[in-house]
Amino acid sequence: MTQIPEKPNAAQAVASQAKAADRKLAGLLFVSGSILFLLLTTASEAIYPNFSLQTNALSDMAALGSSTTVIEETALLELAFCWILGAYYLFRNTGRNRLMILNLLPGAGFLLAGVFPENVSIIGHSLGAMLVFPFGPLTVILSSKITRSPLRYLSVALGLFSAASTVILFFGWKIICGTCGYVQGLSSALLGLGGWESMSLYSLMIWLIGFGSYLLALNGDSRN
């Protein structure tokens with residue numbers, strides 16, 4: 001006799017709908033947060049006096065007292081909240097608490113970087129950077145485990161590129177001259193401090209837009 005599969009009960013159906021709603025909300029937060037960050041940062045670059053993408057870090061535009069403080073601080077803080085809330089809604093009620101914590105770390109880093117501008121508390125700002133730059137690429141790479149589309153391959157590529165840019169940003173000077181200074185050597189000879197920082201961070205933004213769009217379009221069950 002052919003066994004008829006059991007239909008999901010009402011509680012399971014409600015739980016499935018709740019997870020689907022959480023995924024879409026997370027996707028909306030990721031997409032809107034990253035797009036707004038890119039737009040506001042571009043506006044800051046246009047306004048900041050003599051801004052150089054090669055020599056200026058994004059933190060310079062968020063420094064307290066600069067002409068772009070309000071714009072870039074808004075960019076950092078809204079991205080932080082969108083990232084944190086997006087990670088929370090994506091993984092709540094999934095049992096993947098470790099993955100949730102990992103995904104929360106970059107958002108917490110952006111929050112610290114915004115709350116502590118570089119000319120207010122270099123310790124707090126540096127702590128934020130320590131959360132964003134290593135854990136951001138790791139988050140992007142590991143997202144390939146919860147996606148079923150070809151986006152998984154793009155996620156790995158973007159994560160590796162962001163990680164490579166981070167290594168050059170912080171350690172590139174050691175590759176060529178050993179003790180000649182933070183902005184010397186490989187990082188200075190090519191894109192510069194600001195350029196490599198942008199390569200690392202903008203890779204994360206591109207992933208947020210792509211991954212968020214994937215979550216918004218996702219129907220039915222998923223790996224998360």
# chains A, B, ... in the order shown; residues from 1 in each chain; ligands from 1
>>> residues_around(residues="Leu158 (chain A)", least_positions_apart="6", cutoff="12 Å", atoms="only C-alpha atoms", output="PDB file with N, CA and C atoms, in the first residue's frame")
ATOM      1  N   GLY A 136      34.335  40.036   8.866  1.00  0.00           N
ATOM      2  CA  GLY A 136      33.509  40.333   7.697  1.00  0.00           C
ATOM      3  C   GLY A 136      33.758  39.348   6.567  1.00  0.00           C
ATOM      4  N   PRO A 137      35.011  39.201   6.108  1.00  0.00           N
ATOM      5  CA  PRO A 137      35.292  38.224   5.054  1.00  0.00           C
ATOM      6  C   PRO A 137      34.923  36.795   5.444  1.00  0.00           C
ATOM      7  N   LEU A 138      35.165  36.423   6.709  1.00  0.00           N
ATOM      8  CA  LEU A 138      34.822  35.073   7.153  1.00  0.00           C
ATOM      9  C   LEU A 138      33.318  34.833   7.070  1.00  0.00           C
ATOM     10  N   THR A 139      32.544  35.833   7.462  1.00  0.00           N
ATOM     11  CA  THR A 139      31.089  35.742   7.366  1.00  0.00           C
ATOM     12  C   THR A 139      30.649  35.541   5.919  1.00  0.00           C
ATOM     13  N   VAL A 140      31.263  36.298   5.015  1.00  0.00           N
ATOM     14  CA  VAL A 140      30.907  36.202   3.591  1.00  0.00           C
ATOM     15  C   VAL A 140      31.223  34.812   3.055  1.00  0.00           C
ATOM     16  N   ILE A 141      32.392  34.298   3.371  1.00  0.00           N
ATOM     17  CA  ILE A 141      32.794  32.976   2.880  1.00  0.00           C
ATOM     18  C   ILE A 141      31.861  31.886   3.414  1.00  0.00           C
ATOM     19  N   LEU A 142      31.568  31.927   4.710  1.00  0.00           N
ATOM     20  CA  LEU A 142      30.735  30.887   5.316  1.00  0.00           C
ATOM     21  C   LEU A 142      29.270  30.978   4.906  1.00  0.00           C
ATOM     22  N   SER A 143      28.854  32.113   4.353  1.00  0.00           N
ATOM     23  CA  SER A 143      27.468  32.223   3.877  1.00  0.00           C
ATOM     24  C   SER A 143      27.201  31.262   2.728  1.00  0.00           C
ATOM     25  N   SER A 144      28.272  30.776   2.089  1.00  0.00           N
ATOM     26  CA  SER A 144      28.099  29.819   0.993  1.00  0.00           C
ATOM     27  C   SER A 144      27.467  28.523   1.483  1.00  0.00           C
ATOM     28  N   LEU A 151      25.193  31.905  -6.139  1.00  0.00           N
ATOM     29  CA  LEU A 151      25.687  32.978  -5.283  1.00  0.00           C
ATOM     30  C   LEU A 151      26.749  32.468  -4.317  1.00  0.00           C
ATOM     31  N   ARG A 152      26.693  31.172  -4.001  1.00  0.00           N
ATOM     32  CA  ARG A 152      27.673  30.626  -3.057  1.00  0.00           C
ATOM     33  C   ARG A 152      29.098  30.800  -3.575  1.00  0.00           C
ATOM     34  N   ALA A 164      42.042  39.067   1.305  1.00  0.00           N
ATOM     35  CA  ALA A 164      43.347  39.390   0.723  1.00  0.00           C
ATOM     36  C   ALA A 164      43.630  40.884   0.816  1.00  0.00           C
ATOM     37  N   SER A 165      42.602  41.700   0.572  1.00  0.00           N
ATOM     38  CA  SER A 165      42.766  43.151   0.680  1.00  0.00           C
ATOM     39  C   SER A 165      43.074  43.567   2.106  1.00  0.00           C
ATOM     40  N   MET A 199      38.620  48.330  -1.050  1.00  0.00           N
ATOM     41  CA  MET A 199      38.499  47.017  -1.677  1.00  0.00           C
ATOM     42  C   MET A 199      37.933  45.989  -0.692  1.00  0.00           C
ATOM     43  N   SER A 200      38.409  46.058   0.546  1.00  0.00           N
ATOM     44  CA  SER A 200      37.945  45.122   1.563  1.00  0.00           C
ATOM     45  C   SER A 200      36.495  45.375   1.956  1.00  0.00           C
ATOM     46  N   LEU A 201      36.176  46.638   2.258  1.00  0.00           N
ATOM     47  CA  LEU A 201      34.827  46.960   2.730  1.00  0.00           C
ATOM     48  C   LEU A 201      33.784  46.903   1.627  1.00  0.00           C
ATOM     49  N   TYR A 202      34.128  47.368   0.434  1.00  0.00           N
ATOM     50  CA  TYR A 202      33.146  47.367  -0.652  1.00  0.00           C
ATOM     51  C   TYR A 202      32.823  45.950  -1.114  1.00  0.00           C
ATOM     52  N   SER A 203      33.766  45.020  -0.937  1.00  0.00           N
ATOM     53  CA  SER A 203      33.457  43.615  -1.228  1.00  0.00           C
ATOM     54  C   SER A 203      32.352  43.114  -0.300  1.00  0.00           C
ATOM     55  N   LEU A 204      32.411  43.552   0.962  1.00  0.00           N
ATOM     56  CA  LEU A 204      31.362  43.185   1.917  1.00  0.00           C
ATOM     57  C   LEU A 204      30.025  43.788   1.520  1.00  0.00           C
ATOM     58  N   MET A 205      30.049  45.037   1.031  1.00  0.00           N
ATOM     59  CA  MET A 205      28.802  45.694   0.632  1.00  0.00           C
ATOM     60  C   MET A 205      28.176  45.001  -0.579  1.00  0.00           C
ATOM     61  N   ILE A 206      29.005  44.622  -1.529  1.00  0.00           N
ATOM     62  CA  ILE A 206      28.499  43.915  -2.712  1.00  0.00           C
ATOM     63  C   ILE A 206      27.852  42.596  -2.293  1.00  0.00           C
ATOM     64  N   TRP A 207      28.514  41.899  -1.363  1.00  0.00           N
ATOM     65  CA  TRP A 207      27.930  40.652  -0.865  1.00  0.00           C
ATOM     66  C   TRP A 207      26.608  40.898  -0.149  1.00  0.00           C
ATOM     67  N   LEU A 208      26.539  41.920   0.673  1.00  0.00           N
ATOM     68  CA  LEU A 208      25.296  42.212   1.385  1.00  0.00           C
ATOM     69  C   LEU A 208      24.142  42.440   0.417  1.00  0.00           C
ATOM     70  N   GLY A 210      23.945  41.313  -2.738  1.00  0.00           N
ATOM     71  CA  GLY A 210      23.633  40.058  -3.409  1.00  0.00           C
ATOM     72  C   GLY A 210      22.952  39.055  -2.497  1.00  0.00           C
ATOM     73  N   PHE A 211      23.471  38.889  -1.290  1.00  0.00           N
ATOM     74  CA  PHE A 211      22.901  37.931  -0.355  1.00  0.00           C
ATOM     75  C   PHE A 211      21.520  38.374   0.111  1.00  0.00           C
TER      76      PHE A 211
END
>>> select_by_dssp(residues="chain A", states="helix (DSSP H, G or I)", output="PyMOL selection string")
chain A and resi 10-47+58-62+69-91+97-115+122-146+151-176+185-189+192-217
>>> closest_residue(among="A:Thr42, A:Ser16, A:Thr166, A:Asn50", to="Leu193 (chain A)", atoms="only C-alpha atoms")
A:Thr166
>>> residues_around(residues="Ile209 (chain A)", least_positions_apart="6", cutoff="12 Å", atoms="only C-alpha atoms", output="PyMOL selection string")
chain A and resi 26-38+83+140+151+155+202-203+215-216
>>> atom_distance(atom1="CA of Leu58 (chain A)", atom2="CA of Ile84 (chain A)")
20.4 Å
>>> decode(residues="region 47-190 of chain A", atoms="C-alpha atoms", output="PDB file, in the first residue's frame")
ATOM      1  CA  ILE A  47      32.213  66.858   0.185  1.00  0.00           C
ATOM      2  CA  TYR A  48      35.342  66.022   2.222  1.00  0.00           C
ATOM      3  CA  PRO A  49      38.090  68.579   1.457  1.00  0.00           C
ATOM      4  CA  ASN A  50      40.755  67.184  -0.893  1.00  0.00           C
ATOM      5  CA  PHE A  51      39.566  63.637  -0.340  1.00  0.00           C
ATOM      6  CA  SER A  52      41.866  61.001  -1.836  1.00  0.00           C
ATOM      7  CA  LEU A  53      40.657  57.441  -2.203  1.00  0.00           C
ATOM      8  CA  GLN A  54      44.295  56.366  -2.065  1.00  0.00           C
ATOM      9  CA  THR A  55      45.445  58.146   1.084  1.00  0.00           C
ATOM     10  CA  ASN A  56      42.260  58.802   3.096  1.00  0.00           C
ATOM     11  CA  ALA A  57      40.534  56.110   5.147  1.00  0.00           C
ATOM     12  CA  LEU A  58      36.756  56.120   5.400  1.00  0.00           C
ATOM     13  CA  SER A  59      37.205  56.816   9.106  1.00  0.00           C
ATOM     14  CA  ASP A  60      38.666  60.223   8.243  1.00  0.00           C
ATOM     15  CA  MET A  61      35.264  61.322   6.957  1.00  0.00           C
ATOM     16  CA  ALA A  62      33.580  60.195  10.191  1.00  0.00           C
ATOM     17  CA  ALA A  63      36.060  62.011  12.439  1.00  0.00           C
ATOM     18  CA  LEU A  64      34.382  64.380  14.867  1.00  0.00           C
ATOM     19  CA  GLY A  65      34.522  67.976  13.622  1.00  0.00           C
ATOM     20  CA  SER A  66      34.988  67.213   9.921  1.00  0.00           C
ATOM     21  CA  SER A  67      32.608  68.553   7.282  1.00  0.00           C
ATOM     22  CA  THR A  68      31.299  65.043   6.662  1.00  0.00           C
ATOM     23  CA  THR A  69      30.904  63.823  10.252  1.00  0.00           C
ATOM     24  CA  VAL A  70      27.112  63.666  10.214  1.00  0.00           C
ATOM     25  CA  ILE A  71      26.907  61.976   6.817  1.00  0.00           C
ATOM     26  CA  GLU A  72      29.551  59.319   7.409  1.00  0.00           C
ATOM     27  CA  GLU A  73      28.504  58.675  11.003  1.00  0.00           C
ATOM     28  CA  THR A  74      24.973  58.102   9.705  1.00  0.00           C
ATOM     29  CA  ALA A  75      26.381  55.728   7.090  1.00  0.00           C
ATOM     30  CA  LEU A  76      28.290  53.702   9.688  1.00  0.00           C
ATOM     31  CA  LEU A  77      25.524  53.552  12.290  1.00  0.00           C
ATOM     32  CA  GLU A  78      22.686  52.667   9.921  1.00  0.00           C
ATOM     33  CA  LEU A  79      24.836  49.933   8.358  1.00  0.00           C
ATOM     34  CA  ALA A  80      25.670  48.609  11.820  1.00  0.00           C
ATOM     35  CA  PHE A  81      22.039  48.411  12.918  1.00  0.00           C
ATOM     36  CA  CYS A  82      20.891  46.905   9.609  1.00  0.00           C
ATOM     37  CA  TRP A  83      23.661  44.285   9.745  1.00  0.00           C
ATOM     38  CA  ILE A  84      22.999  43.386  13.390  1.00  0.00           C
ATOM     39  CA  LEU A  85      19.224  43.191  13.003  1.00  0.00           C
ATOM     40  CA  GLY A  86      19.540  41.341   9.708  1.00  0.00           C
ATOM     41  CA  ALA A  87      21.794  38.697  11.264  1.00  0.00           C
ATOM     42  CA  TYR A  88      19.451  38.359  14.217  1.00  0.00           C
ATOM     43  CA  TYR A  89      16.333  37.841  12.120  1.00  0.00           C
ATOM     44  CA  LEU A  90      18.117  35.514   9.724  1.00  0.00           C
ATOM     45  CA  PHE A  91      19.258  33.063  12.390  1.00  0.00           C
ATOM     46  CA  ARG A  92      16.765  33.382  15.221  1.00  0.00           C
ATOM     47  CA  ASN A  93      14.741  30.224  15.853  1.00  0.00           C
ATOM     48  CA  THR A  94      17.122  28.231  13.640  1.00  0.00           C
ATOM     49  CA  GLY A  95      19.318  26.744  16.358  1.00  0.00           C
ATOM     50  CA  ARG A  96      22.448  28.133  14.660  1.00  0.00           C
ATOM     51  CA  ASN A  97      23.556  30.332  17.522  1.00  0.00           C
ATOM     52  CA  ARG A  98      27.277  30.157  16.684  1.00  0.00           C
ATOM     53  CA  LEU A  99      26.608  31.245  13.125  1.00  0.00           C
ATOM     54  CA  MET A 100      24.405  34.057  14.427  1.00  0.00           C
ATOM     55  CA  ILE A 101      27.188  35.306  16.706  1.00  0.00           C
ATOM     56  CA  LEU A 102      29.700  35.200  13.857  1.00  0.00           C
ATOM     57  CA  ASN A 103      27.352  37.215  11.639  1.00  0.00           C
ATOM     58  CA  LEU A 104      26.722  39.732  14.423  1.00  0.00           C
ATOM     59  CA  LEU A 105      30.425  40.538  14.897  1.00  0.00           C
ATOM     60  CA  PRO A 106      30.970  42.676  11.746  1.00  0.00           C
ATOM     61  CA  GLY A 107      27.840  44.670  12.534  1.00  0.00           C
ATOM     62  CA  ALA A 108      29.077  45.216  16.077  1.00  0.00           C
ATOM     63  CA  GLY A 109      32.391  46.353  14.615  1.00  0.00           C
ATOM     64  CA  PHE A 110      30.724  48.985  12.440  1.00  0.00           C
ATOM     65  CA  LEU A 111      28.744  50.104  15.486  1.00  0.00           C
ATOM     66  CA  LEU A 112      31.905  50.591  17.552  1.00  0.00           C
ATOM     67  CA  ALA A 113      33.580  52.426  14.668  1.00  0.00           C
ATOM     68  CA  GLY A 114      30.611  54.789  14.513  1.00  0.00           C
ATOM     69  CA  VAL A 115      30.209  55.299  18.246  1.00  0.00           C
ATOM     70  CA  PHE A 116      33.948  55.921  18.663  1.00  0.00           C
ATOM     71  CA  PRO A 117      35.295  58.129  15.830  1.00  0.00           C
ATOM     72  CA  GLU A 118      39.037  57.798  15.284  1.00  0.00           C
ATOM     73  CA  ASN A 119      39.796  61.200  16.862  1.00  0.00           C
ATOM     74  CA  VAL A 120      37.626  60.499  19.923  1.00  0.00           C
ATOM     75  CA  SER A 121      38.750  57.019  20.997  1.00  0.00           C
ATOM     76  CA  ILE A 122      41.331  55.253  18.887  1.00  0.00           C
ATOM     77  CA  ILE A 123      41.023  52.191  21.136  1.00  0.00           C
ATOM     78  CA  GLY A 124      37.276  51.861  20.633  1.00  0.00           C
ATOM     79  CA  HIS A 125      37.599  52.605  16.937  1.00  0.00           C
ATOM     80  CA  SER A 126      40.403  50.068  16.514  1.00  0.00           C
ATOM     81  CA  LEU A 127      38.386  47.436  18.360  1.00  0.00           C
ATOM     82  CA  GLY A 128      35.592  47.997  15.867  1.00  0.00           C
ATOM     83  CA  ALA A 129      38.046  47.548  12.987  1.00  0.00           C
ATOM     84  CA  MET A 130      39.280  44.310  14.583  1.00  0.00           C
ATOM     85  CA  LEU A 131      35.739  42.951  14.379  1.00  0.00           C
ATOM     86  CA  VAL A 132      34.957  44.173  10.857  1.00  0.00           C
ATOM     87  CA  PHE A 133      38.059  43.324   8.844  1.00  0.00           C
ATOM     88  CA  PRO A 134      38.706  39.698   9.871  1.00  0.00           C
ATOM     89  CA  PHE A 135      35.159  38.560  10.647  1.00  0.00           C
ATOM     90  CA  GLY A 136      33.509  40.333   7.697  1.00  0.00           C
ATOM     91  CA  PRO A 137      35.292  38.224   5.054  1.00  0.00           C
ATOM     92  CA  LEU A 138      34.822  35.073   7.153  1.00  0.00           C
ATOM     93  CA  THR A 139      31.089  35.742   7.366  1.00  0.00           C
ATOM     94  CA  VAL A 140      30.907  36.202   3.591  1.00  0.00           C
ATOM     95  CA  ILE A 141      32.794  32.976   2.880  1.00  0.00           C
ATOM     96  CA  LEU A 142      30.735  30.887   5.316  1.00  0.00           C
ATOM     97  CA  SER A 143      27.468  32.223   3.877  1.00  0.00           C
ATOM     98  CA  SER A 144      28.099  29.819   0.993  1.00  0.00           C
ATOM     99  CA  LYS A 145      26.985  27.041   3.343  1.00  0.00           C
ATOM    100  CA  ILE A 146      23.443  28.415   3.604  1.00  0.00           C
ATOM    101  CA  THR A 147      22.844  29.287  -0.044  1.00  0.00           C
ATOM    102  CA  ARG A 148      21.787  26.954  -2.828  1.00  0.00           C
ATOM    103  CA  SER A 149      22.227  29.213  -5.836  1.00  0.00           C
ATOM    104  CA  PRO A 150      25.461  30.055  -7.715  1.00  0.00           C
ATOM    105  CA  LEU A 151      25.687  32.978  -5.283  1.00  0.00           C
ATOM    106  CA  ARG A 152      27.673  30.626  -3.057  1.00  0.00           C
ATOM    107  CA  TYR A 153      30.619  30.789  -5.461  1.00  0.00           C
ATOM    108  CA  LEU A 154      30.448  34.580  -5.684  1.00  0.00           C
ATOM    109  CA  SER A 155      30.322  34.748  -1.885  1.00  0.00           C
ATOM    110  CA  VAL A 156      33.518  32.715  -1.573  1.00  0.00           C
ATOM    111  CA  ALA A 157      35.234  34.863  -4.222  1.00  0.00           C
ATOM    112  CA  LEU A 158      34.178  38.146  -2.568  1.00  0.00           C
ATOM    113  CA  GLY A 159      35.159  36.878   0.869  1.00  0.00           C
ATOM    114  CA  LEU A 160      38.603  35.793  -0.295  1.00  0.00           C
ATOM    115  CA  PHE A 161      39.154  39.082  -2.132  1.00  0.00           C
ATOM    116  CA  SER A 162      38.118  41.043   0.966  1.00  0.00           C
ATOM    117  CA  ALA A 163      40.418  38.919   3.132  1.00  0.00           C
ATOM    118  CA  ALA A 164      43.347  39.390   0.723  1.00  0.00           C
ATOM    119  CA  SER A 165      42.766  43.151   0.680  1.00  0.00           C
ATOM    120  CA  THR A 166      42.706  43.178   4.473  1.00  0.00           C
ATOM    121  CA  VAL A 167      46.033  41.322   4.654  1.00  0.00           C
ATOM    122  CA  ILE A 168      47.617  43.817   2.255  1.00  0.00           C
ATOM    123  CA  LEU A 169      46.071  46.732   4.153  1.00  0.00           C
ATOM    124  CA  PHE A 170      47.456  45.719   7.536  1.00  0.00           C
ATOM    125  CA  PHE A 171      50.512  43.642   6.672  1.00  0.00           C
ATOM    126  CA  GLY A 172      51.508  44.678   3.141  1.00  0.00           C
ATOM    127  CA  TRP A 173      54.244  46.997   4.405  1.00  0.00           C
ATOM    128  CA  LYS A 174      56.058  44.038   5.969  1.00  0.00           C
ATOM    129  CA  ILE A 175      56.234  42.169   2.675  1.00  0.00           C
ATOM    130  CA  ILE A 176      58.581  44.674   1.055  1.00  0.00           C
ATOM    131  CA  CYS A 177      60.473  46.675   3.628  1.00  0.00           C
ATOM    132  CA  GLY A 178      59.954  45.105   7.025  1.00  0.00           C
ATOM    133  CA  THR A 179      60.006  48.158   9.308  1.00  0.00           C
ATOM    134  CA  CYS A 180      59.518  51.109   6.992  1.00  0.00           C
ATOM    135  CA  GLY A 181      56.063  52.090   8.242  1.00  0.00           C
ATOM    136  CA  TYR A 182      52.335  51.342   8.142  1.00  0.00           C
ATOM    137  CA  VAL A 183      51.581  52.976   4.775  1.00  0.00           C
ATOM    138  CA  GLN A 184      54.711  51.870   2.946  1.00  0.00           C
ATOM    139  CA  GLY A 185      55.531  48.862   0.820  1.00  0.00           C
ATOM    140  CA  LEU A 186      52.927  46.872  -1.072  1.00  0.00           C
ATOM    141  CA  SER A 187      49.870  48.636   0.353  1.00  0.00           C
ATOM    142  CA  SER A 188      51.279  52.059  -0.549  1.00  0.00           C
ATOM    143  CA  ALA A 189      52.803  51.134  -3.893  1.00  0.00           C
ATOM    144  CA  LEU A 190      49.515  49.983  -5.417  1.00  0.00           C
TER     145      LEU A 190
END
